[in-house]
>>> print(open('model_11.pdb').read())   # PDB, C-alpha atoms, pLDDT in the B column
ATOM      1  CA  MET H   1      52.248 -39.612 129.112  1.00 67.00           C
ATOM      2  CA  GLU H   2      51.099 -36.043 128.684  1.00 72.00           C
ATOM      3  CA  LEU H   3      52.696 -32.697 127.801  1.00 74.00           C
ATOM      4  CA  TYR H   4      51.330 -29.324 128.825  1.00 75.00           C
ATOM      5  CA  GLN H   5      52.784 -26.206 127.223  1.00 78.00           C
ATOM      6  CA  TYR H   6      50.559 -23.558 128.770  1.00 79.00           C
ATOM      7  CA  TYR H   7      50.646 -22.498 132.400  1.00 81.00           C
ATOM      8  CA  GLU H   8      46.924 -23.030 133.002  1.00 85.00           C
ATOM      9  CA  HIS H   9      47.124 -26.623 131.787  1.00 90.00           C
ATOM     10  CA  GLN H  10      50.338 -27.261 133.728  1.00 90.00           C
ATOM     11  CA  GLU H  11      48.728 -26.062 136.954  1.00 91.00           C
ATOM     12  CA  GLU H  12      45.656 -28.236 136.376  1.00 92.00           C
ATOM     13  CA  ALA H  13      47.800 -31.286 135.568  1.00 92.00           C
ATOM     14  CA  ALA H  14      50.031 -30.694 138.611  1.00 93.00           C
ATOM     15  CA  ARG H  15      46.995 -30.726 140.873  1.00 94.00           C
ATOM     16  CA  THR H  16      45.922 -34.144 139.535  1.00 94.00           C
ATOM     17  CA  LEU H  17      49.299 -35.824 140.131  1.00 95.00           C
ATOM     18  CA  GLN H  18      49.427 -38.553 142.738  1.00 94.00           C
ATOM     19  CA  GLU H  19      51.844 -41.071 144.209  1.00 94.00           C
ATOM     20  CA  GLY H  20      53.179 -43.354 141.500  1.00 91.00           C
ATOM     21  CA  ASP H  21      53.178 -40.581 138.889  1.00 93.00           C
ATOM     22  CA  VAL H  22      56.296 -38.890 137.551  1.00 91.00           C
ATOM     23  CA  ALA H  23      56.557 -35.182 136.778  1.00 92.00           C
ATOM     24  CA  ILE H  24      59.384 -34.029 134.514  1.00 90.00           C
ATOM     25  CA  VAL H  25      60.287 -30.357 134.830  1.00 90.00           C
ATOM     26  CA  ARG H  26      62.564 -28.934 132.150  1.00 87.00           C
ATOM     27  CA  SER H  27      64.078 -25.622 133.141  1.00 86.00           C
ATOM     28  CA  ILE H  28      67.429 -24.901 131.552  1.00 83.00           C
ATOM     29  CA  ASN H  29      68.210 -21.874 133.709  1.00 83.00           C
ATOM     30  CA  GLY H  30      66.125 -22.969 136.693  1.00 81.00           C
ATOM     31  CA  SER H  31      63.825 -19.972 136.345  1.00 85.00           C
ATOM     32  CA  TYR H  32      60.669 -22.117 136.036  1.00 87.00           C
ATOM     33  CA  PHE H  33      60.807 -22.650 139.793  1.00 84.00           C
ATOM     34  CA  TYR H  34      60.666 -18.879 140.382  1.00 87.00           C
ATOM     35  CA  HIS H  35      58.038 -17.987 137.780  1.00 90.00           C
ATOM     36  CA  TYR H  36      55.588 -20.847 138.345  1.00 90.00           C
ATOM     37  CA  GLN H  37      55.729 -21.508 142.070  1.00 90.00           C
ATOM     38  CA  ASP H  38      52.054 -22.560 142.226  1.00 93.00           C
ATOM     39  CA  VAL H  39      52.682 -25.362 139.734  1.00 93.00           C
ATOM     40  CA  VAL H  40      55.928 -26.409 141.415  1.00 92.00           C
ATOM     41  CA  HIS H  41      54.291 -26.431 144.855  1.00 93.00           C
ATOM     42  CA  ALA H  42      51.439 -28.611 143.545  1.00 95.00           C
ATOM     43  CA  ILE H  43      53.921 -31.044 141.986  1.00 95.00           C
ATOM     44  CA  PHE H  44      55.905 -31.471 145.200  1.00 94.00           C
ATOM     45  CA  LYS H  45      52.749 -31.667 147.312  1.00 94.00           C
ATOM     46  CA  SER H  46      51.377 -34.504 145.142  1.00 95.00           C
ATOM     47  CA  GLY H  47      53.842 -37.140 146.326  1.00 94.00           C
ATOM     48  CA  SER H  48      54.796 -37.990 142.749  1.00 95.00           C
ATOM     49  CA  LYS H  49      58.404 -38.517 141.723  1.00 95.00           C
ATOM     50  CA  VAL H  50      60.015 -35.355 140.347  1.00 94.00           C
ATOM     51  CA  VAL H  51      62.682 -35.337 137.641  1.00 92.00           C
ATOM     52  CA  VAL H  52      64.340 -32.006 136.819  1.00 91.00           C
ATOM     53  CA  LEU H  53      66.349 -31.311 133.658  1.00 89.00           C
ATOM     54  CA  THR H  54      68.481 -28.199 134.139  1.00 87.00           C
ATOM     55  CA  GLN H  55      71.879 -26.566 133.938  1.00 84.00           C
ATOM     56  CA  ASN H  56      71.311 -24.654 137.172  1.00 81.00           C
ATOM     57  CA  ARG H  57      71.849 -27.071 140.033  1.00 78.00           C
ATOM     58  CA  ASN H  58      71.336 -24.238 142.546  1.00 79.00           C
ATOM     59  CA  ALA H  59      67.771 -23.369 141.529  1.00 77.00           C
ATOM     60  CA  LEU H  60      65.007 -22.971 144.092  1.00 74.00           C
ATOM     61  CA  TYR H  61      63.368 -26.340 144.965  1.00 77.00           C
ATOM     62  CA  ILE H  62      66.071 -28.332 143.154  1.00 82.00           C
ATOM     63  CA  ASN H  63      67.062 -30.059 146.397  1.00 87.00           C
ATOM     64  CA  ARG H  64      63.510 -31.422 146.707  1.00 90.00           C
ATOM     65  CA  ALA H  65      63.620 -33.200 143.337  1.00 93.00           C
ATOM     66  CA  ASP H  66      63.984 -36.977 143.329  1.00 95.00           C
ATOM     67  CA  TYR H  67      66.289 -36.856 140.329  1.00 92.00           C
ATOM     68  CA  VAL H  68      68.242 -34.016 138.742  1.00 90.00           C
ATOM     69  CA  LEU H  69      69.531 -34.605 135.221  1.00 88.00           C
ATOM     70  CA  PRO H  70      72.138 -31.956 134.375  1.00 85.00           C
ATOM     71  CA  CYS H  71      72.019 -30.701 130.796  1.00 83.00           C
ATOM     72  CA  GLY H  72      75.452 -29.256 130.181  1.00 76.00           C
ATOM     73  CA  ASN H  73      77.264 -26.281 131.625  1.00 73.00           C
ATOM     74  CA  THR H  74      76.545 -23.651 129.006  1.00 66.00           C
ATOM     75  CA  ASN H  75      73.594 -22.519 126.946  1.00 62.00           C
ATOM     76  CA  GLU H  76      75.801 -21.032 124.243  1.00 67.00           C
ATOM     77  CA  ASN H  77      74.205 -21.740 120.871  1.00 63.00           C
ATOM     78  CA  ASP H  78      71.241 -23.286 122.734  1.00 72.00           C
ATOM     79  CA  ILE H  79      73.299 -26.323 123.752  1.00 77.00           C
ATOM     80  CA  GLY H  80      71.368 -26.659 127.019  1.00 77.00           C
ATOM     81  CA  LYS H  81      68.026 -26.749 125.206  1.00 81.00           C
ATOM     82  CA  TYR H  82      69.249 -29.389 122.780  1.00 84.00           C
ATOM     83  CA  ALA H  83      70.694 -31.478 125.608  1.00 84.00           C
ATOM     84  CA  ALA H  84      67.348 -31.313 127.445  1.00 83.00           C
ATOM     85  CA  LEU H  85      65.425 -32.311 124.312  1.00 85.00           C
ATOM     86  CA  MET H  86      67.753 -35.241 123.692  1.00 88.00           C
ATOM     87  CA  THR H  87      67.345 -36.325 127.313  1.00 87.00           C
ATOM     88  CA  ILE H  88      63.554 -36.186 127.049  1.00 86.00           C
ATOM     89  CA  ASP H  89      63.666 -38.201 123.816  1.00 88.00           C
ATOM     90  CA  TYR H  90      65.810 -40.803 125.549  1.00 89.00           C
ATOM     91  CA  LEU H  91      63.501 -40.989 128.583  1.00 87.00           C
ATOM     92  CA  VAL H  92      60.440 -41.443 126.357  1.00 86.00           C
ATOM     93  CA  MET H  93      62.207 -44.125 124.317  1.00 90.00           C
ATOM     94  CA  MET H  94      63.192 -46.040 127.468  1.00 90.00           C
ATOM     95  CA  TYR H  95      59.672 -45.677 128.904  1.00 85.00           C
ATOM     96  CA  MET H  96      58.096 -47.015 125.707  1.00 89.00           C
ATOM     97  CA  ARG H  97      60.554 -49.922 125.657  1.00 91.00           C
ATOM     98  CA  HIS H  98      59.688 -50.706 129.279  1.00 88.00           C
ATOM     99  CA  ILE H  99      55.954 -50.666 128.533  1.00 87.00           C
ATOM    100  CA  GLU H 100      56.466 -52.872 125.490  1.00 91.00           C
ATOM    101  CA  GLN H 101      58.462 -55.429 127.499  1.00 91.00           C
ATOM    102  CA  ASN H 102      56.628 -55.298 130.831  1.00 90.00           C
ATOM    103  CA  GLY H 103      53.205 -53.846 130.241  1.00 80.00           C
ATOM    104  CA  ASN H 104      52.062 -51.152 132.664  1.00 71.00           C
ATOM    105  CA  GLU H 105      54.119 -52.482 135.602  1.00 64.00           C
TER     106      GLU H 105
END
>>> encode(input="model_11.pdb", output="structure tokens")
Amino acid sequence: MELYQYYEHQEEAARTLQEGDVAIVRSINGSYFYHYQDVVHAIFKSGSKVVVLTQNRNALYINRADYVLPCGNTNENDIGKYAALMTIDYLVMMYMRHIEQNGNE
């Protein structure tokens, strides 16, 4: 499991994805798909599973995601950001539990 904050590292990581990998894209407003199209294109081209956390279910590329996890309907008081963070925490917790119980299967 890896996290890349900076665009250059995200692009490099996206190009190394392959089938069997999972890419999680967190974009509360859906603007990531517009601003970082090179990264997004590399992710979808890789054949990996794509999970998107967003409030904007009409964002560009959203229909190509394998899973879309909606994070609320408003970003008032940063609710959308907190919902996305809680969702990521939950996904990591479930992944770690799976690895603990099943190994790398």
>>> atom_distance(input="model_11.pdb", atom1="CA of Pro70 in chain H", atom2="CA of Phe44 in chain H")
19.5 Å
>>> atom_distance(input="model_11.pdb", atom1="CA of Asp66 in chain H", atom2="CA of Val51 in chain H")
6.1 Å
>>> residues_around(input="model_11.pdb", residues="Phe33 in chain H", least_positions_apart="2", cutoff="12 Å", atoms="only C-alpha atoms", output="number ranges by chain")
H: 25-31, 35-44, 52-54, 56-65
>>> write_last_selection(input="model_11.pdb", atoms="C-alpha atoms", output="CSV table (one decimal), in the frame of the given file")
chain,number,residue,atom,x,y,z
H,25,VAL,CA,60.3,-30.4,134.8
H,26,ARG,CA,62.6,-28.9,132.2
H,27,SER,CA,64.1,-25.6,133.1
H,28,ILE,CA,67.4,-24.9,131.6
H,29,ASN,CA,68.2,-21.9,133.7
H,30,GLY,CA,66.1,-23.0,136.7
H,31,SER,CA,63.8,-20.0,136.3
H,35,HIS,CA,58.0,-18.0,137.8
H,36,TYR,CA,55.6,-20.8,138.3
H,37,GLN,CA,55.7,-21.5,142.1
H,38,ASP,CA,52.1,-22.6,142.2
H,39,VAL,CA,52.7,-25.4,139.7
H,40,VAL,CA,55.9,-26.4,141.4
H,41,HIS,CA,54.3,-26.4,144.9
H,42,ALA,CA,51.4,-28.6,143.5
H,43,ILE,CA,53.9,-31.0,142.0
H,44,PHE,CA,55.9,-31.5,145.2
H,52,VAL,CA,64.3,-32.0,136.8
H,53,LEU,CA,66.3,-31.3,133.7
H,54,THR,CA,68.5,-28.2,134.1
H,56,ASN,CA,71.3,-24.7,137.2
H,57,ARG,CA,71.8,-27.1,140.0
H,58,ASN,CA,71.3,-24.2,142.5
H,59,ALA,CA,67.8,-23.4,141.5
H,60,LEU,CA,65.0,-23.0,144.1
H,61,TYR,CA,63.4,-26.3,145.0
H,62,ILE,CA,66.1,-28.3,143.2
H,63,ASN,CA,67.1,-30.1,146.4
H,64,ARG,CA,63.5,-31.4,146.7
H,65,ALA,CA,63.6,-33.2,143.3
>>> atom_distance(input="model_11.pdb", atom1="CA of Val92 in chain H", atom2="CA of Ala23 in chain H")
12.8 Å
>>> closest_residue(input="model_11.pdb", among="H:Met96, H:Leu17, H:Leu91, H:Leu3", to="Gly47 in chain H", atoms="only C-alpha atoms")
H:Leu17
